[in-house]
>>> print(open('coords.pdb').read())   # PDB, C-alpha atoms, pLDDT in the B column
ATOM      1  CA  MET X 267     -17.345  -3.580   4.879  1.00 82.00           C
ATOM      2  CA  GLU X 268     -17.690  -7.074   3.377  1.00 88.00           C
ATOM      3  CA  ASN X 269     -18.588  -5.608  -0.024  1.00 90.00           C
ATOM      4  CA  VAL X 270     -15.554  -3.332   0.096  1.00 90.00           C
ATOM      5  CA  PHE X 271     -13.330  -6.318   0.807  1.00 89.00           C
ATOM      6  CA  ARG X 272     -14.848  -8.267  -2.087  1.00 89.00           C
ATOM      7  CA  LYS X 273     -14.171  -5.333  -4.419  1.00 90.00           C
ATOM      8  CA  PHE X 274     -10.519  -4.768  -3.566  1.00 91.00           C
ATOM      9  CA  ALA X 275      -9.136  -8.121  -2.425  1.00 91.00           C
ATOM     10  CA  PRO X 276      -8.806  -9.450  -6.019  1.00 90.00           C
ATOM     11  CA  LEU X 277      -6.651  -6.440  -6.920  1.00 92.00           C
ATOM     12  CA  CYS X 278      -3.938  -7.238  -4.374  1.00 93.00           C
ATOM     13  CA  ALA X 279      -0.704  -9.110  -5.036  1.00 92.00           C
ATOM     14  CA  LEU X 280       2.539 -10.097  -3.352  1.00 92.00           C
ATOM     15  CA  VAL X 281       5.672  -8.195  -4.418  1.00 94.00           C
ATOM     16  CA  MET X 282       8.809 -10.352  -4.514  1.00 93.00           C
ATOM     17  CA  LYS X 283      12.264 -10.624  -6.028  1.00 93.00           C
ATOM     18  CA  PRO X 284      13.924 -13.781  -7.320  1.00 90.00           C
ATOM     19  CA  SER X 285      16.473 -15.263  -4.929  1.00 85.00           C
ATOM     20  CA  GLY X 286      18.181 -18.373  -6.261  1.00 83.00           C
ATOM     21  CA  ASP X 287      15.581 -21.082  -6.752  1.00 81.00           C
ATOM     22  CA  SER X 288      13.092 -19.226  -4.573  1.00 82.00           C
ATOM     23  CA  VAL X 289      11.716 -15.714  -4.127  1.00 86.00           C
ATOM     24  CA  GLU X 290      12.054 -13.125  -1.374  1.00 90.00           C
ATOM     25  CA  PHE X 291       8.897 -11.388  -0.161  1.00 91.00           C
ATOM     26  CA  LEU X 292       9.062  -7.576  -0.251  1.00 93.00           C
ATOM     27  CA  GLY X 293       5.546  -6.267   0.357  1.00 93.00           C
ATOM     28  CA  THR X 294       2.117  -5.710  -1.153  1.00 95.00           C
ATOM     29  CA  ALA X 295       0.935  -4.172  -4.431  1.00 96.00           C
ATOM     30  CA  PHE X 296      -2.484  -3.584  -5.948  1.00 96.00           C
ATOM     31  CA  ALA X 297      -3.785  -3.223  -9.492  1.00 94.00           C
ATOM     32  CA  VAL X 298      -4.733   0.292 -10.566  1.00 94.00           C
ATOM     33  CA  HIS X 299      -5.511  -0.095 -14.275  1.00 89.00           C
ATOM     34  CA  SER X 300      -6.556  -2.860 -16.662  1.00 83.00           C
ATOM     35  CA  SER X 301      -3.514  -2.066 -18.854  1.00 86.00           C
ATOM     36  CA  GLY X 302      -1.381  -3.869 -16.284  1.00 90.00           C
ATOM     37  CA  TYR X 303      -0.351  -1.110 -13.875  1.00 94.00           C
ATOM     38  CA  LEU X 304       0.048  -1.777 -10.160  1.00 96.00           C
ATOM     39  CA  ALA X 305       0.881   0.445  -7.214  1.00 97.00           C
ATOM     40  CA  THR X 306       3.121  -0.114  -4.203  1.00 97.00           C
ATOM     41  CA  ALA X 307       5.357   1.848  -1.833  1.00 95.00           C
ATOM     42  CA  ALA X 308       8.637   3.106  -3.283  1.00 95.00           C
ATOM     43  CA  HIS X 309      10.731   1.697  -0.431  1.00 93.00           C
ATOM     44  CA  VAL X 310       9.339  -1.787  -1.144  1.00 94.00           C
ATOM     45  CA  VAL X 311      10.924  -1.959  -4.622  1.00 95.00           C
ATOM     46  CA  LYS X 312      13.794   0.526  -4.450  1.00 93.00           C
ATOM     47  CA  GLY X 313      17.096  -1.091  -5.410  1.00 91.00           C
ATOM     48  CA  GLN X 314      15.624  -4.578  -5.647  1.00 91.00           C
ATOM     49  CA  GLY X 315      16.445  -5.273  -9.299  1.00 87.00           C
ATOM     50  CA  LYS X 316      14.094  -7.780 -10.909  1.00 92.00           C
ATOM     51  CA  ILE X 317      10.573  -7.773  -9.474  1.00 95.00           C
ATOM     52  CA  VAL X 318       7.885 -10.434  -9.749  1.00 94.00           C
ATOM     53  CA  ILE X 319       4.230 -10.267  -8.750  1.00 92.00           C
ATOM     54  CA  SER X 320       2.037 -13.086  -7.446  1.00 88.00           C
ATOM     55  CA  PRO X 321      -1.660 -12.165  -7.823  1.00 85.00           C
ATOM     56  CA  SER X 322      -4.119 -12.767  -4.999  1.00 76.00           C
ATOM     57  CA  ASN X 323      -6.248 -15.898  -4.971  1.00 70.00           C
ATOM     58  CA  ASP X 324      -9.867 -15.923  -3.821  1.00 67.00           C
ATOM     59  CA  ALA X 325      -9.748 -14.382  -0.347  1.00 67.00           C
ATOM     60  CA  THR X 326     -13.475 -14.300   0.417  1.00 69.00           C
ATOM     61  CA  GLY X 327     -13.607 -17.843   1.768  1.00 66.00           C
ATOM     62  CA  PHE X 328     -11.113 -20.013   3.621  1.00 68.00           C
ATOM     63  CA  GLN X 329      -7.744 -19.258   2.070  1.00 68.00           C
ATOM     64  CA  THR X 330      -5.531 -22.254   1.401  1.00 63.00           C
ATOM     65  CA  ALA X 331      -2.073 -22.005   2.925  1.00 61.00           C
ATOM     66  CA  SER X 332       0.418 -22.818   0.182  1.00 60.00           C
ATOM     67  CA  GLN X 333       3.975 -22.317  -0.959  1.00 59.00           C
ATOM     68  CA  LYS X 334       3.044 -22.543  -4.633  1.00 68.00           C
ATOM     69  CA  LEU X 335       3.337 -19.163  -6.338  1.00 74.00           C
ATOM     70  CA  ARG X 336       2.381 -17.933  -9.785  1.00 80.00           C
ATOM     71  CA  CYS X 337       5.059 -15.326 -10.437  1.00 87.00           C
ATOM     72  CA  ILE X 338       4.701 -12.720 -13.186  1.00 91.00           C
ATOM     73  CA  ASP X 339       7.632 -10.571 -14.320  1.00 94.00           C
ATOM     74  CA  THR X 340       7.052  -6.904 -13.552  1.00 95.00           C
ATOM     75  CA  SER X 341       8.987  -3.656 -14.023  1.00 95.00           C
ATOM     76  CA  VAL X 342       9.140  -0.469 -11.984  1.00 96.00           C
ATOM     77  CA  VAL X 343       8.044   2.269 -14.405  1.00 95.00           C
ATOM     78  CA  GLU X 344       7.749   5.282 -12.093  1.00 95.00           C
ATOM     79  CA  MET X 345       8.914   6.020  -8.564  1.00 96.00           C
ATOM     80  CA  ASP X 346       8.323   8.951  -6.206  1.00 95.00           C
ATOM     81  CA  GLU X 347      10.621   8.440  -3.228  1.00 93.00           C
ATOM     82  CA  LYS X 348       9.596  11.719  -1.636  1.00 92.00           C
ATOM     83  CA  ASN X 349       6.007  10.523  -1.243  1.00 93.00           C
ATOM     84  CA  ASP X 350       7.006   6.833  -1.052  1.00 94.00           C
ATOM     85  CA  VAL X 351       4.857   5.580  -3.933  1.00 96.00           C
ATOM     86  CA  ALA X 352       5.804   3.586  -7.034  1.00 97.00           C
ATOM     87  CA  LEU X 353       4.093   2.431 -10.209  1.00 97.00           C
ATOM     88  CA  LEU X 354       4.728  -1.071 -11.578  1.00 97.00           C
ATOM     89  CA  LYS X 355       3.646  -2.707 -14.810  1.00 95.00           C
ATOM     90  CA  PHE X 356       3.454  -6.324 -15.937  1.00 93.00           C
ATOM     91  CA  ASN X 357       6.056  -7.008 -18.627  1.00 91.00           C
ATOM     92  CA  ASP X 358       3.557  -9.046 -20.649  1.00 88.00           C
ATOM     93  CA  PRO X 359      -0.176  -8.384 -21.113  1.00 77.00           C
ATOM     94  CA  VAL X 360      -2.250  -9.651 -18.206  1.00 74.00           C
ATOM     95  CA  GLY X 361      -6.025  -9.465 -18.098  1.00 69.00           C
ATOM     96  CA  LEU X 362      -7.025  -7.407 -15.065  1.00 70.00           C
ATOM     97  CA  LYS X 363     -10.709  -7.043 -14.227  1.00 73.00           C
ATOM     98  CA  LEU X 364     -11.272  -3.741 -12.464  1.00 79.00           C
ATOM     99  CA  THR X 365     -14.872  -2.881 -11.653  1.00 74.00           C
ATOM    100  CA  GLY X 366     -16.463   0.341 -10.473  1.00 76.00           C
ATOM    101  CA  GLU X 367     -14.794   3.506  -9.280  1.00 88.00           C
ATOM    102  CA  LEU X 368     -11.397   2.763  -7.755  1.00 93.00           C
ATOM    103  CA  PHE X 369      -9.987   6.039  -6.495  1.00 95.00           C
ATOM    104  CA  GLY X 370     -11.329   8.478  -3.967  1.00 95.00           C
ATOM    105  CA  ASP X 371     -10.283  11.915  -2.758  1.00 94.00           C
ATOM    106  CA  SER X 372      -8.129  12.023   0.359  1.00 93.00           C
ATOM    107  CA  ASN X 373      -8.922  15.736   0.669  1.00 92.00           C
ATOM    108  CA  ARG X 374     -12.512  14.783   1.528  1.00 92.00           C
ATOM    109  CA  LEU X 375     -11.426  12.501   4.359  1.00 93.00           C
ATOM    110  CA  ILE X 376     -11.918  13.861   7.856  1.00 95.00           C
ATOM    111  CA  PRO X 377     -10.252  12.413  10.986  1.00 96.00           C
ATOM    112  CA  GLY X 378     -12.610   9.821  12.406  1.00 96.00           C
ATOM    113  CA  ALA X 379     -13.525   8.411   8.984  1.00 97.00           C
ATOM    114  CA  ALA X 380     -13.705   4.609   8.807  1.00 96.00           C
ATOM    115  CA  ILE X 381     -10.871   3.074   6.785  1.00 95.00           C
ATOM    116  CA  MET X 382      -9.428  -0.347   6.039  1.00 94.00           C
ATOM    117  CA  HIS X 383      -6.241  -1.631   4.452  1.00 94.00           C
ATOM    118  CA  LEU X 384      -5.199  -4.902   2.844  1.00 94.00           C
ATOM    119  CA  GLY X 385      -1.888  -6.732   2.809  1.00 92.00           C
ATOM    120  CA  TYR X 386       0.017  -9.955   3.395  1.00 88.00           C
ATOM    121  CA  PRO X 387       1.017 -10.211   7.093  1.00 81.00           C
ATOM    122  CA  PHE X 388       2.966 -13.458   6.677  1.00 75.00           C
ATOM    123  CA  GLY X 389       4.551 -12.774   3.305  1.00 74.00           C
ATOM    124  CA  LYS X 390       5.304 -16.036   1.515  1.00 67.00           C
ATOM    125  CA  THR X 391       6.394 -17.844   4.686  1.00 66.00           C
ATOM    126  CA  GLY X 392       3.913 -20.218   6.282  1.00 53.00           C
ATOM    127  CA  SER X 393       0.884 -19.142   4.289  1.00 61.00           C
ATOM    128  CA  LEU X 394      -0.002 -16.810   1.453  1.00 74.00           C
ATOM    129  CA  VAL X 395      -2.851 -15.055   3.192  1.00 84.00           C
ATOM    130  CA  LEU X 396      -4.350 -11.699   2.311  1.00 88.00           C
ATOM    131  CA  ALA X 397      -5.679 -10.012   5.445  1.00 89.00           C
ATOM    132  CA  MET X 398      -7.560  -6.814   6.175  1.00 90.00           C
ATOM    133  CA  ARG X 399      -7.428  -4.448   9.111  1.00 90.00           C
ATOM    134  CA  SER X 400      -9.901  -1.701   9.845  1.00 91.00           C
ATOM    135  CA  GLY X 401      -9.708   1.466  11.889  1.00 92.00           C
ATOM    136  CA  ARG X 402     -10.161   5.215  11.744  1.00 95.00           C
ATOM    137  CA  LEU X 403      -8.281   8.065  10.165  1.00 96.00           C
ATOM    138  CA  ALA X 404      -6.360   9.645  13.039  1.00 94.00           C
ATOM    139  CA  ALA X 405      -4.922  12.762  11.362  1.00 94.00           C
ATOM    140  CA  LYS X 406      -3.791  14.393   8.119  1.00 95.00           C
ATOM    141  CA  VAL X 407      -0.317  15.926   8.192  1.00 91.00           C
ATOM    142  CA  GLU X 408       1.789  18.047   5.848  1.00 90.00           C
ATOM    143  CA  ASN X 409       5.462  18.660   6.598  1.00 83.00           C
ATOM    144  CA  PRO X 410       7.403  21.850   5.759  1.00 84.00           C
ATOM    145  CA  GLN X 411       8.521  20.319   2.451  1.00 83.00           C
ATOM    146  CA  GLY X 412       4.907  19.889   1.355  1.00 86.00           C
ATOM    147  CA  VAL X 413       4.810  16.097   1.759  1.00 89.00           C
ATOM    148  CA  ARG X 414       1.431  14.912   2.976  1.00 92.00           C
ATOM    149  CA  GLN X 415       0.616  11.789   4.955  1.00 92.00           C
ATOM    150  CA  LEU X 416      -2.460  10.136   6.362  1.00 95.00           C
ATOM    151  CA  TYR X 417      -2.196   8.826   9.921  1.00 93.00           C
ATOM    152  CA  VAL X 418      -4.291   5.752  10.614  1.00 92.00           C
ATOM    153  CA  GLU X 419      -5.000   4.296  14.047  1.00 89.00           C
ATOM    154  CA  GLY X 420      -3.479   0.856  14.599  1.00 80.00           C
ATOM    155  CA  VAL X 421      -0.205  -0.652  13.448  1.00 75.00           C
ATOM    156  CA  ALA X 422      -0.247  -2.257   9.997  1.00 77.00           C
ATOM    157  CA  TYR X 423       1.349  -5.641   9.474  1.00 78.00           C
ATOM    158  CA  SER X 424       4.836  -5.233   8.038  1.00 78.00           C
ATOM    159  CA  GLY X 425       3.822  -7.146   4.906  1.00 86.00           C
ATOM    160  CA  ALA X 426       1.065  -4.607   4.226  1.00 90.00           C
ATOM    161  CA  ALA X 427       3.554  -1.961   3.042  1.00 92.00           C
ATOM    162  CA  GLY X 428       2.459  -0.921  -0.446  1.00 95.00           C
ATOM    163  CA  GLY X 429      -1.131  -2.056   0.056  1.00 95.00           C
ATOM    164  CA  PRO X 430      -4.274   0.040  -0.486  1.00 97.00           C
ATOM    165  CA  LEU X 431      -5.834   2.282   2.140  1.00 97.00           C
ATOM    166  CA  ILE X 432      -9.583   2.338   1.558  1.00 97.00           C
ATOM    167  CA  ASP X 433     -12.333   4.784   2.496  1.00 97.00           C
ATOM    168  CA  VAL X 434     -14.985   2.361   3.751  1.00 96.00           C
ATOM    169  CA  SER X 435     -17.994   4.659   3.417  1.00 95.00           C
ATOM    170  CA  ARG X 436     -17.300   5.485  -0.249  1.00 94.00           C
ATOM    171  CA  GLY X 437     -15.625   2.216  -1.246  1.00 95.00           C
ATOM    172  CA  THR X 438     -12.619   3.912  -2.859  1.00 96.00           C
ATOM    173  CA  ILE X 439      -8.841   3.814  -2.460  1.00 97.00           C
ATOM    174  CA  VAL X 440      -7.500   6.941  -0.773  1.00 97.00           C
ATOM    175  CA  GLY X 441      -3.899   6.050  -0.005  1.00 97.00           C
ATOM    176  CA  VAL X 442      -0.917   3.690  -0.154  1.00 97.00           C
ATOM    177  CA  ILE X 443       0.367   2.178   3.095  1.00 95.00           C
ATOM    178  CA  ASN X 444       4.033   2.996   3.725  1.00 88.00           C
ATOM    179  CA  GLN X 445       4.581   2.813   7.514  1.00 75.00           C
ATOM    180  CA  GLN X 446       7.523   5.220   7.379  1.00 60.00           C
ATOM    181  CA  LEU X 447       8.079   7.786  10.107  1.00 55.00           C
ATOM    182  CA  GLY X 448      10.712   9.842   8.336  1.00 48.00           C
ATOM    183  CA  LEU X 449       8.359  12.282   6.608  1.00 49.00           C
ATOM    184  CA  VAL X 450       7.474  13.974   9.892  1.00 48.00           C
ATOM    185  CA  PRO X 451      10.144  16.360  11.246  1.00 49.00           C
ATOM    186  CA  LYS X 452      11.583  15.073  14.516  1.00 50.00           C
ATOM    187  CA  PRO X 453      11.605  17.560  17.423  1.00 52.00           C
ATOM    188  CA  SER X 454      14.941  18.370  19.013  1.00 53.00           C
ATOM    189  CA  GLU X 455      15.711  17.549  22.640  1.00 52.00           C
ATOM    190  CA  ARG X 456      15.772  21.266  23.369  1.00 53.00           C
ATOM    191  CA  GLU X 457      12.086  21.451  22.524  1.00 50.00           C
ATOM    192  CA  PHE X 458      11.036  18.239  24.269  1.00 47.00           C
ATOM    193  CA  GLU X 459      12.291  16.342  27.284  1.00 51.00           C
ATOM    194  CA  PHE X 460      11.721  12.868  25.861  1.00 46.00           C
ATOM    195  CA  LYS X 461      14.167  11.099  23.587  1.00 49.00           C
ATOM    196  CA  LEU X 462      13.456   9.813  20.110  1.00 48.00           C
ATOM    197  CA  PRO X 463      12.338   7.574  18.529  1.00 50.00           C
ATOM    198  CA  ILE X 464       8.791   8.000  19.755  1.00 57.00           C
ATOM    199  CA  ALA X 465       6.691   4.847  20.149  1.00 61.00           C
ATOM    200  CA  THR X 466       3.434   5.145  18.234  1.00 69.00           C
ATOM    201  CA  GLU X 467       0.388   3.019  17.498  1.00 76.00           C
ATOM    202  CA  LEU X 468      -0.187   4.730  14.161  1.00 84.00           C
ATOM    203  CA  THR X 469       0.279   3.566  10.583  1.00 88.00           C
ATOM    204  CA  PHE X 470       1.202   5.996   7.830  1.00 91.00           C
ATOM    205  CA  ALA X 471      -0.026   6.197   4.255  1.00 94.00           C
ATOM    206  CA  ALA X 472       0.647   8.395   1.240  1.00 95.00           C
ATOM    207  CA  PRO X 473      -2.481  10.111  -0.125  1.00 96.00           C
ATOM    208  CA  ILE X 474      -3.712   8.640  -3.396  1.00 96.00           C
ATOM    209  CA  ASP X 475      -3.003  11.890  -5.274  1.00 94.00           C
ATOM    210  CA  ALA X 476       0.733  11.157  -5.097  1.00 94.00           C
ATOM    211  CA  LEU X 477       0.165   7.871  -6.919  1.00 95.00           C
ATOM    212  CA  LEU X 478      -2.265   9.219  -9.504  1.00 94.00           C
ATOM    213  CA  ASP X 479       0.379  11.729 -10.566  1.00 92.00           C
ATOM    214  CA  LEU X 480       2.543   8.806 -11.730  1.00 94.00           C
ATOM    215  CA  ILE X 481      -0.019   7.114 -13.966  1.00 87.00           C
ATOM    216  CA  PRO X 482       0.338   8.181 -17.624  1.00 79.00           C
ATOM    217  CA  ALA X 483      -2.487  10.483 -18.716  1.00 66.00           C
ATOM    218  CA  GLN X 484      -3.453   8.301 -21.661  1.00 48.00           C
ATOM    219  CA  HIS X 485      -4.284   5.463 -19.259  1.00 41.00           C
TER     220      HIS X 485
END
>>> encode(input="coords.pdb", output="structure tokens")
Amino acid sequence: MENVFRKFAPLCALVMKPSGDSVEFLGTAFAVHSSGYLATAAHVVKGQGKIVISPSNDATGFQTASQKLRCIDTSVVEMDEKNDVALLKFNDPVGLKLTGELFGDSNRLIPGAAIMHLGYPFGKTGSLVLAMRSGRLAAKVENPQGVRQLYVEGVAYSGAAGGPLIDVSRGTIVGVINQQLGLVPKPSEREFEFKLPIATELTFAAPIDALLDLIPAQH
């Protein structure tokens, strides 16, 4: 698991929007191509106007808590609200070093598979710390509209929205954390005696296929 962390931690970044003389933390993104493309959840950037990205520092040792940010102007180039994924791109060329195979196949995942996800639990407040959480794939679900989601045991930190979901055994990204419950049809009170919303210890992620469909073929 340590090698998987070393591979993907450098790809992660904070997603923010300018707010006066400061910035407002929105969520997590991760690099998906050396041309300057990054991925996040659609709800993280929807309607936010100007977006800036602050790349991850070295997260393999003791991370230094800091309020100093290196912000890079970024644009939303594609968005799929139905699957809650979005594609960003740096406005100016930025050298991204991506090594090895990045993307896996969520269709090959079976409930019980070991997974991990990365994100920023504290945002920009207090400390700029990239953290990981590990668990197991709990279920794979498809709603009547054909939208698919991966259910992961354990609740993700709120700042992890837009971060990568990783298949630990294969060392590949298989999803994008979104945490939204709305893609699963809610039962009516006629069918069940309990009232909604239902408390859950699960985190939700969009399968990586939904993101790959947004990346231009030539890249």
>>> closest_residue(input="coords.pdb", among="X:Val351, X:Val289, X:Ala307, X:Val395", to="Ser322 of chain X", atoms="only C-alpha atoms")
X:Val395
>>> atom_distance(input="coords.pdb", atom1="atom CA of Ser435 of chain X", atom2="atom CA of Val407 of chain X")
21.5 Å
>>> atom_distance(input="coords.pdb", atom1="atom CA of Ile443 of chain X", atom2="atom CA of Asp358 of chain X")
26.5 Å
>>> resolve_selection(input="coords.pdb", expression="the PyMOL selection byres ((chain X and resi 433) around 12)", output="PyMOL selection string")
chain X and resi 267+270-271+274+368-383+400-403+416+418+430-432+434-442+473-474
>>> atom_distance(input="coords.pdb", atom1="atom CA of Ala279 of chain X", atom2="atom CA of Phe296 of chain X")
5.9 Å
>>> resolve_selection(input="coords.pdb", expression="the PyMOL selection byres ((chain X and resi 314-319) around 8)", output="PyMOL selection string")
chain X and resi 279-284+311-313+320-321+336-342
>>> closest_residue(input="coords.pdb", among="X:Ala427, X:Ala476, X:Ala297, X:Leu277", to="Met345 of chain X", atoms="all atoms listed in the file")
X:Ala476
